[in-house]
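S.K.: Contents of data-v7.txt (compact mmCIF, C-alpha atoms) are below:
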# COMPACT_ATOMS: atom_id res chain seq x y z
CA MET R 1 117.63 91.22 68.48
CA ASP R 2 119.33 94.57 67.82
CA ASP R 3 122.62 95.10 69.67
CA PHE R 4 122.55 98.36 71.62
CA SER R 5 125.58 97.57 73.78
CA ARG R 6 127.52 100.47 72.26
CA LEU R 7 124.89 102.77 73.76
CA GLY R 8 125.26 101.22 77.20
CA VAL R 9 122.16 99.03 76.89
CA THR R 10 122.87 95.41 77.78
CA GLU R 11 120.72 92.40 78.50
CA ILE R 12 121.31 90.74 81.87
CA SER R 13 120.51 87.08 82.41
CA THR R 14 119.61 85.61 85.78
CA GLU R 15 118.95 82.24 87.37
CA ASN R 16 116.16 83.73 89.49
CA SER R 17 112.67 82.43 88.83
CA VAL R 18 110.98 85.72 89.80
CA LEU R 19 111.53 89.34 88.88
CA ILE R 20 114.23 91.11 90.86
CA SER R 21 115.69 94.56 90.28
CA SER R 22 117.53 97.38 92.01
CA SER R 23 114.19 99.07 92.81
CA LYS R 24 112.37 98.08 95.98
CA TYR R 25 109.18 99.36 94.38
CA LEU R 26 109.51 97.17 91.29
CA ASN R 27 110.39 94.18 93.46
CA GLU R 28 107.07 94.33 95.32
CA PRO R 29 104.60 92.26 93.24
CA ARG R 30 101.51 93.74 94.88
CA LEU R 31 102.67 97.24 94.06
CA ARG R 32 103.43 96.27 90.45
CA ASP R 33 99.95 94.83 90.06
CA ALA R 34 98.19 97.69 91.83
CA LEU R 35 99.97 100.38 89.82
CA THR R 36 99.51 98.59 86.48
CA THR R 37 95.80 98.19 87.19
CA ALA R 38 95.42 101.80 88.28
CA MET R 39 97.29 103.13 85.26
CA LEU R 40 95.56 101.08 82.57
CA ARG R 41 92.00 100.37 83.69
CA ARG R 42 88.87 102.26 82.83
CA ASN R 43 86.66 103.54 85.64
CA GLY R 44 83.51 101.62 86.45
CA ARG R 45 80.59 101.79 88.81
CA GLU R 46 81.55 98.50 90.47
CA ARG R 47 84.84 100.08 91.58
CA ARG R 48 84.75 103.77 92.45
CA VAL R 49 87.45 106.06 91.11
CA GLY R 50 89.38 106.11 94.39
CA TRP R 51 89.35 102.31 94.77
CA ASP R 52 92.94 102.09 93.52
CA SER R 53 94.34 103.92 96.53
CA THR R 54 93.82 101.05 99.01
CA PRO R 55 95.99 98.37 97.31
CA ILE R 56 98.62 100.96 96.37
CA VAL R 57 98.86 102.28 99.94
CA ARG R 58 99.02 98.80 101.45
CA ALA R 59 101.74 97.70 99.05
CA TYR R 60 103.70 100.90 99.60
CA TRP R 61 103.64 100.32 103.36
CA GLU R 62 105.41 97.00 102.74
CA VAL R 63 108.40 98.59 100.98
CA ARG R 64 108.99 101.85 102.83
CA ASP R 65 111.63 102.01 105.55
CA VAL R 66 109.81 103.57 108.50
CA LYS R 67 112.90 103.61 110.72
CA ALA R 68 114.96 105.40 108.07
CA ILE R 69 112.23 107.98 107.41
CA ASN R 70 111.90 108.76 111.12
CA ALA R 71 115.69 109.19 111.27
CA MET R 72 115.50 111.65 108.36
CA ILE R 73 112.76 113.59 110.16
CA ALA R 74 114.93 113.75 113.28
CA THR R 75 117.80 115.17 111.23
CA GLU R 76 115.47 117.70 109.63
CA ARG R 77 114.11 118.74 113.02
CA ALA R 78 117.64 119.44 114.22
CA ARG R 79 118.24 121.92 111.41
CA ASN R 80 114.73 123.43 111.20
CA PRO R 81 113.39 125.00 114.43
CA ALA R 82 109.92 125.59 112.97
CA LEU R 83 109.56 121.94 112.01
CA ASP R 84 110.89 120.87 115.41
CA ALA R 85 108.27 123.03 117.11
CA PHE R 86 105.56 121.51 114.88
CA PHE R 87 106.47 117.97 115.92
CA SER R 88 106.97 118.93 119.56
CA ALA R 89 103.48 120.48 119.78
CA ARG R 90 101.85 117.34 118.31
CA HIS R 91 98.67 119.35 117.63
CA ILE R 92 95.68 117.21 116.63
CA SER R 93 92.45 118.71 115.32
CA THR R 94 89.28 117.84 117.23
CA PHE R 95 86.69 120.20 115.69
CA THR R 96 83.38 118.87 114.38
CA ARG R 97 81.00 119.91 111.62
CA THR R 98 78.87 121.64 114.24
CA ASP R 99 81.87 123.71 115.34
CA LEU R 100 82.31 124.98 111.77
CA ALA R 101 78.70 126.15 111.50
CA ARG R 102 79.45 129.39 113.38
CA TYR R 103 81.84 130.75 110.74
CA ALA R 104 80.77 133.27 108.09
CA PRO R 105 79.78 131.72 104.73
CA HIS R 106 82.78 133.12 102.84
CA SER R 107 85.37 132.28 105.51
CA LEU R 108 87.63 129.25 105.29
CA GLY R 109 85.64 127.53 108.03
CA GLY R 110 82.31 128.51 106.46
CA ILE R 111 83.29 127.19 103.04
CA PHE R 112 84.35 123.87 104.55
CA TYR R 113 81.12 123.70 106.56
CA ALA R 114 79.00 124.33 103.44
CA TYR R 115 80.70 121.44 101.65
CA LEU R 116 80.13 119.09 104.58
CA ALA R 117 76.51 120.16 105.09
CA GLU R 118 75.61 120.01 101.39
CA ASN R 119 76.93 116.45 101.12
CA ASP R 120 75.72 115.40 104.59
CA LEU R 121 79.25 114.49 105.64
CA ASP R 122 80.82 114.37 109.07
CA ILE R 123 84.47 115.01 109.82
CA ASP R 124 86.44 111.81 110.31
CA LEU R 125 89.76 113.12 111.63
CA ASP R 126 91.13 109.59 112.01
CA PRO R 127 89.50 106.18 112.58
CA ARG R 128 91.90 105.49 115.45
CA LEU R 129 90.77 108.66 117.20
CA ARG R 130 87.16 107.70 116.59
CA ARG R 131 87.72 104.36 118.29
CA ASP R 132 89.81 105.85 121.10
CA PRO R 133 89.83 109.64 121.65
CA ASN R 134 92.97 109.23 123.77
CA TRP R 135 94.99 107.58 120.99
CA ARG R 136 98.13 109.46 119.98
CA PRO R 137 100.78 108.81 117.29
CA SER R 138 103.87 107.01 118.57
CA THR R 139 106.39 108.30 115.99
CA ASP R 140 107.03 111.49 114.04
CA LEU R 141 106.08 109.81 110.76
CA GLU R 142 102.83 108.53 112.22
CA TYR R 143 101.98 112.02 113.43
CA PHE R 144 102.96 113.61 110.10
CA GLU R 145 100.64 111.28 108.19
CA LEU R 146 97.83 111.92 110.64
CA ARG R 147 98.10 115.68 110.08
CA ALA R 148 98.30 115.23 106.31
CA ALA R 149 94.96 113.40 106.42
CA GLN R 150 93.39 115.94 108.77
CA THR R 151 94.32 118.95 106.62
CA HIS R 152 93.81 117.51 103.12
CA ASP R 153 90.35 119.01 102.57
CA PHE R 154 91.61 122.52 103.32
CA GLU R 155 94.12 122.17 100.51
CA HIS R 156 91.26 121.57 98.07
CA ILE R 157 89.75 124.88 99.16
CA LEU R 158 93.02 126.81 99.14
CA GLY R 159 93.83 125.35 95.72
CA GLY R 160 90.63 126.76 94.27
CA VAL R 161 89.07 123.43 93.30
CA GLY R 162 86.17 121.25 94.38
CA PHE R 163 86.12 117.84 96.00
CA ASP R 164 85.41 115.76 92.90
CA ALA R 165 87.69 113.08 91.46
CA LEU R 166 89.74 115.20 89.06
CA ALA R 167 90.19 117.94 91.66
CA GLU R 168 92.33 115.57 93.74
CA VAL R 169 95.20 116.30 91.35
CA VAL R 170 95.70 119.82 92.78
CA PRO R 171 96.27 119.06 96.50
CA PHE R 172 98.41 116.02 95.61
CA TRP R 173 100.79 118.08 93.48
CA MET R 174 100.69 120.91 96.01
CA ARG R 175 102.00 118.48 98.61
CA ILE R 176 104.67 116.96 96.39
CA GLU R 177 106.09 120.36 95.43
CA ASN R 178 105.63 121.87 98.90
CA TYR R 179 107.76 119.14 100.47
CA HIS R 180 110.51 119.69 97.92
CA ALA R 181 110.35 123.47 98.41
CA HIS R 182 110.87 123.33 102.17
CA MET R 183 112.70 120.08 102.99
CA THR R 184 115.93 118.35 102.06
CA PRO R 185 115.52 116.39 98.80
CA GLU R 186 115.93 113.01 100.50
CA LEU R 187 113.19 113.56 103.09
CA ALA R 188 110.92 115.32 100.59
CA GLY R 189 111.29 112.35 98.24
CA GLU R 190 110.33 109.85 100.93
CA LEU R 191 107.32 111.82 102.12
CA ALA R 192 106.13 112.55 98.57
CA ALA R 193 106.53 108.97 97.33
CA LEU R 194 103.01 107.83 98.15
CA TYR R 195 101.44 110.94 96.60
CA VAL R 196 103.39 110.25 93.39
CA LEU R 197 102.24 106.63 93.34
CA LEU R 198 98.62 107.68 93.81
CA VAL R 199 98.35 110.64 91.44
CA LEU R 200 100.34 109.51 88.40
CA PRO R 201 98.16 106.45 87.57
CA MET R 202 95.10 108.68 87.59
CA GLN R 203 96.77 110.94 85.05
CA THR R 204 97.69 107.98 82.83
CA ARG R 205 94.13 106.65 83.01
CA THR R 206 92.76 110.02 81.97
CA ALA R 207 95.11 110.31 78.98
CA LEU R 208 94.35 106.77 77.78
CA HIS R 209 90.58 106.61 78.26
CA TYR R 210 89.15 110.07 78.96
CA PRO R 211 90.85 112.52 76.58
CA ARG R 212 88.14 115.15 77.01
CA ALA R 213 89.22 115.51 80.65
CA TRP R 214 92.94 115.74 79.94
CA PRO R 215 93.13 119.54 79.42
CA MET R 216 91.59 120.01 82.87
CA VAL R 217 93.96 117.48 84.44
CA SER R 218 97.02 119.11 82.89
CA ARG R 219 95.76 122.47 84.11
CA PHE R 220 95.38 121.02 87.61
CA ILE R 221 98.89 119.53 87.50
CA GLU R 222 100.29 122.92 86.60
CA ARG R 223 98.30 124.69 89.31
CA GLY R 224 99.27 122.21 92.03
CA ILE R 225 102.96 122.45 91.14
CA GLN R 226 102.95 126.25 91.01
CA LEU R 227 101.07 126.68 94.30
CA GLY R 228 103.11 124.05 96.12
CA ARG R 229 106.36 125.74 95.18
CA VAL R 230 105.43 129.22 96.43
CA ALA R 231 103.23 128.39 99.44
CA ALA R 232 104.41 128.37 103.03
CA PRO R 233 104.98 124.89 104.52
CA LEU R 234 101.34 123.74 104.34
CA TYR R 235 102.04 120.55 106.29
CA MET R 236 102.68 122.59 109.46
CA VAL R 237 99.60 124.83 109.28
CA ARG R 238 97.22 124.87 112.25
CA TYR R 239 94.03 125.58 110.33
CA GLU R 240 91.98 126.29 113.43
CA ASP R 241 93.79 129.65 113.53
CA LEU R 242 92.60 130.49 110.01
CA LEU R 243 88.97 129.36 110.00
CA SER R 244 87.53 132.85 110.53
CA LEU R 245 89.57 134.38 107.70
CA SER R 246 88.15 135.01 104.25
CA LEU R 247 89.60 132.79 101.53
CA PRO R 248 91.79 135.61 100.11
CA GLU R 249 93.04 136.38 103.63
CA ALA R 250 93.84 132.74 104.33
CA ARG R 251 95.69 132.39 101.04
CA ALA R 252 97.70 135.55 101.70
CA LYS R 253 98.63 134.22 105.14
CA LEU R 254 100.06 131.09 103.50
CA SER R 255 101.77 132.87 100.56
CA ILE R 256 99.28 131.43 98.08
CA PRO R 257 98.57 133.86 95.21
CA LEU R 258 95.13 134.97 94.05
CA ILE R 259 93.66 132.30 91.77
CA GLU R 260 90.37 131.69 90.02
CA GLU R 261 88.06 128.97 91.30
CA ILE R 262 87.74 126.04 88.88
CA ASP R 263 84.69 123.74 88.65
CA SER R 264 85.55 120.31 87.30
CA TYR R 265 82.47 118.45 88.52
CA GLU R 266 80.98 117.64 85.11
CA LEU R 267 84.30 116.47 83.71
CA SER R 268 84.79 114.32 86.81
CA ASP R 269 81.43 112.71 86.11
CA TYR R 270 82.61 111.92 82.58
CA PHE R 271 85.87 110.58 84.03
CA SER R 272 84.00 108.38 86.50
CA GLU R 273 81.64 107.15 83.74
CA GLY R 274 78.57 108.58 85.41
CA ALA R 275 79.15 107.05 88.83
CA GLN R 276 79.76 110.42 90.48
CA LEU R 277 76.54 111.99 89.21
CA ALA R 278 74.55 108.87 90.08
CA ASN R 279 75.92 108.89 93.62
CA ALA R 280 75.22 112.62 93.96
CA LYS R 281 71.61 112.13 92.83
CA ALA R 282 71.20 109.29 95.29
CA THR R 283 72.64 111.40 98.09
CA ARG R 284 70.30 114.29 97.29
CA ALA R 285 67.33 111.90 97.18
CA VAL R 286 68.22 110.53 100.62
CA LYS R 287 68.58 114.05 102.02
CA ARG R 288 65.20 115.07 100.58
CA SER R 289 63.52 112.00 102.07
CA ARG R 290 65.05 112.78 105.47
CA ALA R 291 63.71 116.31 105.21
CA GLY R 292 60.25 115.01 104.27
CA VAL R 293 60.36 116.60 100.80
Would you put the structure from the file into structure tokens?
M.R.:
Amino acid sequence: MDDFSRLGVTEISTENSVLISSSKYLNEPRLRDALTTAMLRRNGRERRVGWDSTPIVRAYWEVRDVKAINAMIATERARNPALDAFFSARHISTFTRTDLARYAPHSLGGIFYAYLAENDLDIDLDPRLRRDPNWRPSTDLEYFELRAAQTHDFEHILGGVGFDALAEVVPFWMRIENYHAHMTPELAGELAALYVLLVLPMQTRTALHYPRAWPMVSRFIERGIQLGRVAAPLYMVRYEDLLSLSLPEARAKLSIPLIEEIDSYELSDYFSEGAQLANAKATRAVKRSRAGV
């Protein structure tokens, strides 16, 4: 074996029978397996494109330090009055698809309604709220993650992309960069960690197996990073106050520049090996049968 010790590279022996390192992420076997699978596999109809998120999220929950993250949030609240007010208000969205139907077609609320209606989707603001409307988050981190889930779809719209598989790259990178633009590096890193773990394997999978989609993915990475850096703190936005605004008005309110809308649906179908188009056709068929067509 070549000796690279002069370059500071040394081999370390150990009596341990299992892998151990200085990284809590590398030390979690379920996370190693989930990430390796997500990075290297092809997409298939037996496992939808987003299947990888569940094992990655569950493994990440095992390694994160919830107490430490909540302590970081408390410190951030003490130095940032706007963030403190956001957590103190504990606003939780309760609107339904029916509520969105009253907004003009080209408004933020109208655009979201059209997407829901076209795909026959209902708004699931949180399964815990669905089971118990009186449920409330018990910690700042729990509330922050609830709001991130409730507002995710709006970031697709503001980012000028659809709701297909490849389009997920934009809101993920918007979040990662937005945290780092408005928070201390340590807290931003903790809150962005899961987004990084979820989005990077998708990018690797595209580069390895779906090269025709890579130019779109790299374009989406660039867009998400650029928008996240210049936008207002998107994680604190109360979107109910913006639903009646046109898309340009809503973007201006949040310091998001004018951007062109990008359609990546067909490339997402190629990326998902036809599963997306097949599911869409099935959905349309069901809707037509319900309508008696």
S.K.: Quote the spacing between atom CA of R:Glu177 and atom CA of R:Gly228 in Å to one decimal place.
M.R.: 4.8 Å
S.K.: Tell me, in Å to one decimal, how far atom CA of R:Tyr235 is from atom CA of R:Ala181.
M.R.: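 Between atom CA of R:Tyr235 and atom CA of R:Ala181 the gap works out to 11.8 Å.
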S.K.: Tell me, counting only C-alpha atoms, for each residue of stretch 98-190 of chain R within 12 Å of stretch 72-78 of chain R, which pair of atoms is nearest and how far apart they are in Å to one decimal, in rows ordered by chain and increasing number, as a tab-separated table.
M.R.:
residue	atom	partner	partner_atom	distance
R:Thr139	CA	R:Ile73	CA	10.1
R:Asp140	CA	R:Ile73	CA	7.2
R:Leu141	CA	R:Ile73	CA	7.7
R:Glu142	CA	R:Ile73	CA	11.3
R:Tyr143	CA	R:Ile73	CA	11.4
R:Phe144	CA	R:Ile73	CA	9.8
R:His182	CA	R:Glu76	CA	10.4
R:Met183	CA	R:Glu76	CA	7.6
R:Thr184	CA	R:Glu76	CA	7.6
R:Pro185	CA	R:Met72	CA	10.7
R:Glu186	CA	R:Met72	CA	8.0
R:Leu187	CA	R:Met72	CA	6.1
R:Ala188	CA	R:Met72	CA	9.7
R:Gly189	CA	R:Met72	CA	11.0
R:Glu190	CA	R:Met72	CA	9.2
S.K.: From the set R:Ile221, R:Ala68, R:Val170, R:Leu197, which residue has the shortest atom-to-atom contact distance to R:Arg32, counting all atoms listed in the file?
M.R.: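 Using all atoms listed in the file, the shortest distance to R:Arg32 belongs to R:Leu197.
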S.K.: From the list R:Arg219, R:His91, R:Arg47, R:Arg128, which residue is nearest R:Trp173 when using all atoms listed in the file?
M.R.: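 When distances to R:Trp173 are compared using all atoms listed in the file, the smallest one comes from R:Arg219.
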S.K.: Calculated over only C-alpha atoms, which of the candidates R:Val63, R:Val49, R:Ala114, R:Ala167 has the smallest distance to R:Pro29?
M.R.: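 Under the stated criterion, the closest residue is R:Val63.
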S.K.: Reconstruct stretch 201-216 of chain R at the level of N, CA and C atoms, and format the result as a PDB file, in the coordinates of the input.
M.R.:
ATOM      1  N   PRO R 201      99.048 107.373  88.286  1.00  0.00           N
ATOM      2  CA  PRO R 201      98.160 106.450  87.570  1.00  0.00           C
ATOM      3  C   PRO R 201      96.848 107.095  87.142  1.00  0.00           C
ATOM      4  N   MET R 202      96.333 107.990  87.954  1.00  0.00           N
ATOM      5  CA  MET R 202      95.100 108.680  87.590  1.00  0.00           C
ATOM      6  C   MET R 202      95.300 109.522  86.331  1.00  0.00           C
ATOM      7  N   GLN R 203      96.465 110.135  86.228  1.00  0.00           N
ATOM      8  CA  GLN R 203      96.770 110.940  85.050  1.00  0.00           C
ATOM      9  C   GLN R 203      96.904 110.061  83.805  1.00  0.00           C
ATOM     10  N   THR R 204      97.559 108.909  83.950  1.00  0.00           N
ATOM     11  CA  THR R 204      97.690 107.980  82.830  1.00  0.00           C
ATOM     12  C   THR R 204      96.321 107.502  82.370  1.00  0.00           C
ATOM     13  N   ARG R 205      95.473 107.148  83.328  1.00  0.00           N
ATOM     14  CA  ARG R 205      94.130 106.650  83.010  1.00  0.00           C
ATOM     15  C   ARG R 205      93.317 107.700  82.253  1.00  0.00           C
ATOM     16  N   THR R 206      93.471 108.945  82.661  1.00  0.00           N
ATOM     17  CA  THR R 206      92.760 110.020  81.970  1.00  0.00           C
ATOM     18  C   THR R 206      93.234 110.137  80.524  1.00  0.00           C
ATOM     19  N   ALA R 207      94.553 110.149  80.321  1.00  0.00           N
ATOM     20  CA  ALA R 207      95.110 110.310  78.980  1.00  0.00           C
ATOM     21  C   ALA R 207      94.711 109.158  78.062  1.00  0.00           C
ATOM     22  N   LEU R 208      94.646 107.940  78.604  1.00  0.00           N
ATOM     23  CA  LEU R 208      94.350 106.770  77.780  1.00  0.00           C
ATOM     24  C   LEU R 208      92.866 106.619  77.459  1.00  0.00           C
ATOM     25  N   HIS R 209      92.002 106.935  78.422  1.00  0.00           N
ATOM     26  CA  HIS R 209      90.580 106.610  78.260  1.00  0.00           C
ATOM     27  C   HIS R 209      89.638 107.811  78.259  1.00  0.00           C
ATOM     28  N   TYR R 210      90.064 108.936  78.807  1.00  0.00           N
ATOM     29  CA  TYR R 210      89.150 110.070  78.960  1.00  0.00           C
ATOM     30  C   TYR R 210      89.797 111.352  78.434  1.00  0.00           C
ATOM     31  N   PRO R 211      90.091 111.389  77.141  1.00  0.00           N
ATOM     32  CA  PRO R 211      90.850 112.520  76.580  1.00  0.00           C
ATOM     33  C   PRO R 211      90.162 113.872  76.751  1.00  0.00           C
ATOM     34  N   ARG R 212      88.838 113.873  76.837  1.00  0.00           N
ATOM     35  CA  ARG R 212      88.140 115.150  77.010  1.00  0.00           C
ATOM     36  C   ARG R 212      88.479 115.793  78.350  1.00  0.00           C
ATOM     37  N   ALA R 213      88.889 114.984  79.324  1.00  0.00           N
ATOM     38  CA  ALA R 213      89.220 115.510  80.650  1.00  0.00           C
ATOM     39  C   ALA R 213      90.688 115.898  80.769  1.00  0.00           C
ATOM     40  N   TRP R 214      91.512 115.505  79.784  1.00  0.00           N
ATOM     41  CA  TRP R 214      92.940 115.740  79.940  1.00  0.00           C
ATOM     42  C   TRP R 214      93.317 117.216  80.046  1.00  0.00           C
ATOM     43  N   PRO R 215      92.752 118.124  79.256  1.00  0.00           N
ATOM     44  CA  PRO R 215      93.130 119.540  79.420  1.00  0.00           C
ATOM     45  C   PRO R 215      92.907 120.052  80.841  1.00  0.00           C
ATOM     46  N   MET R 216      91.841 119.600  81.489  1.00  0.00           N
ATOM     47  CA  MET R 216      91.590 120.010  82.870  1.00  0.00           C
ATOM     48  C   MET R 216      92.635 119.410  83.799  1.00  0.00           C
TER      49      MET R 216
END
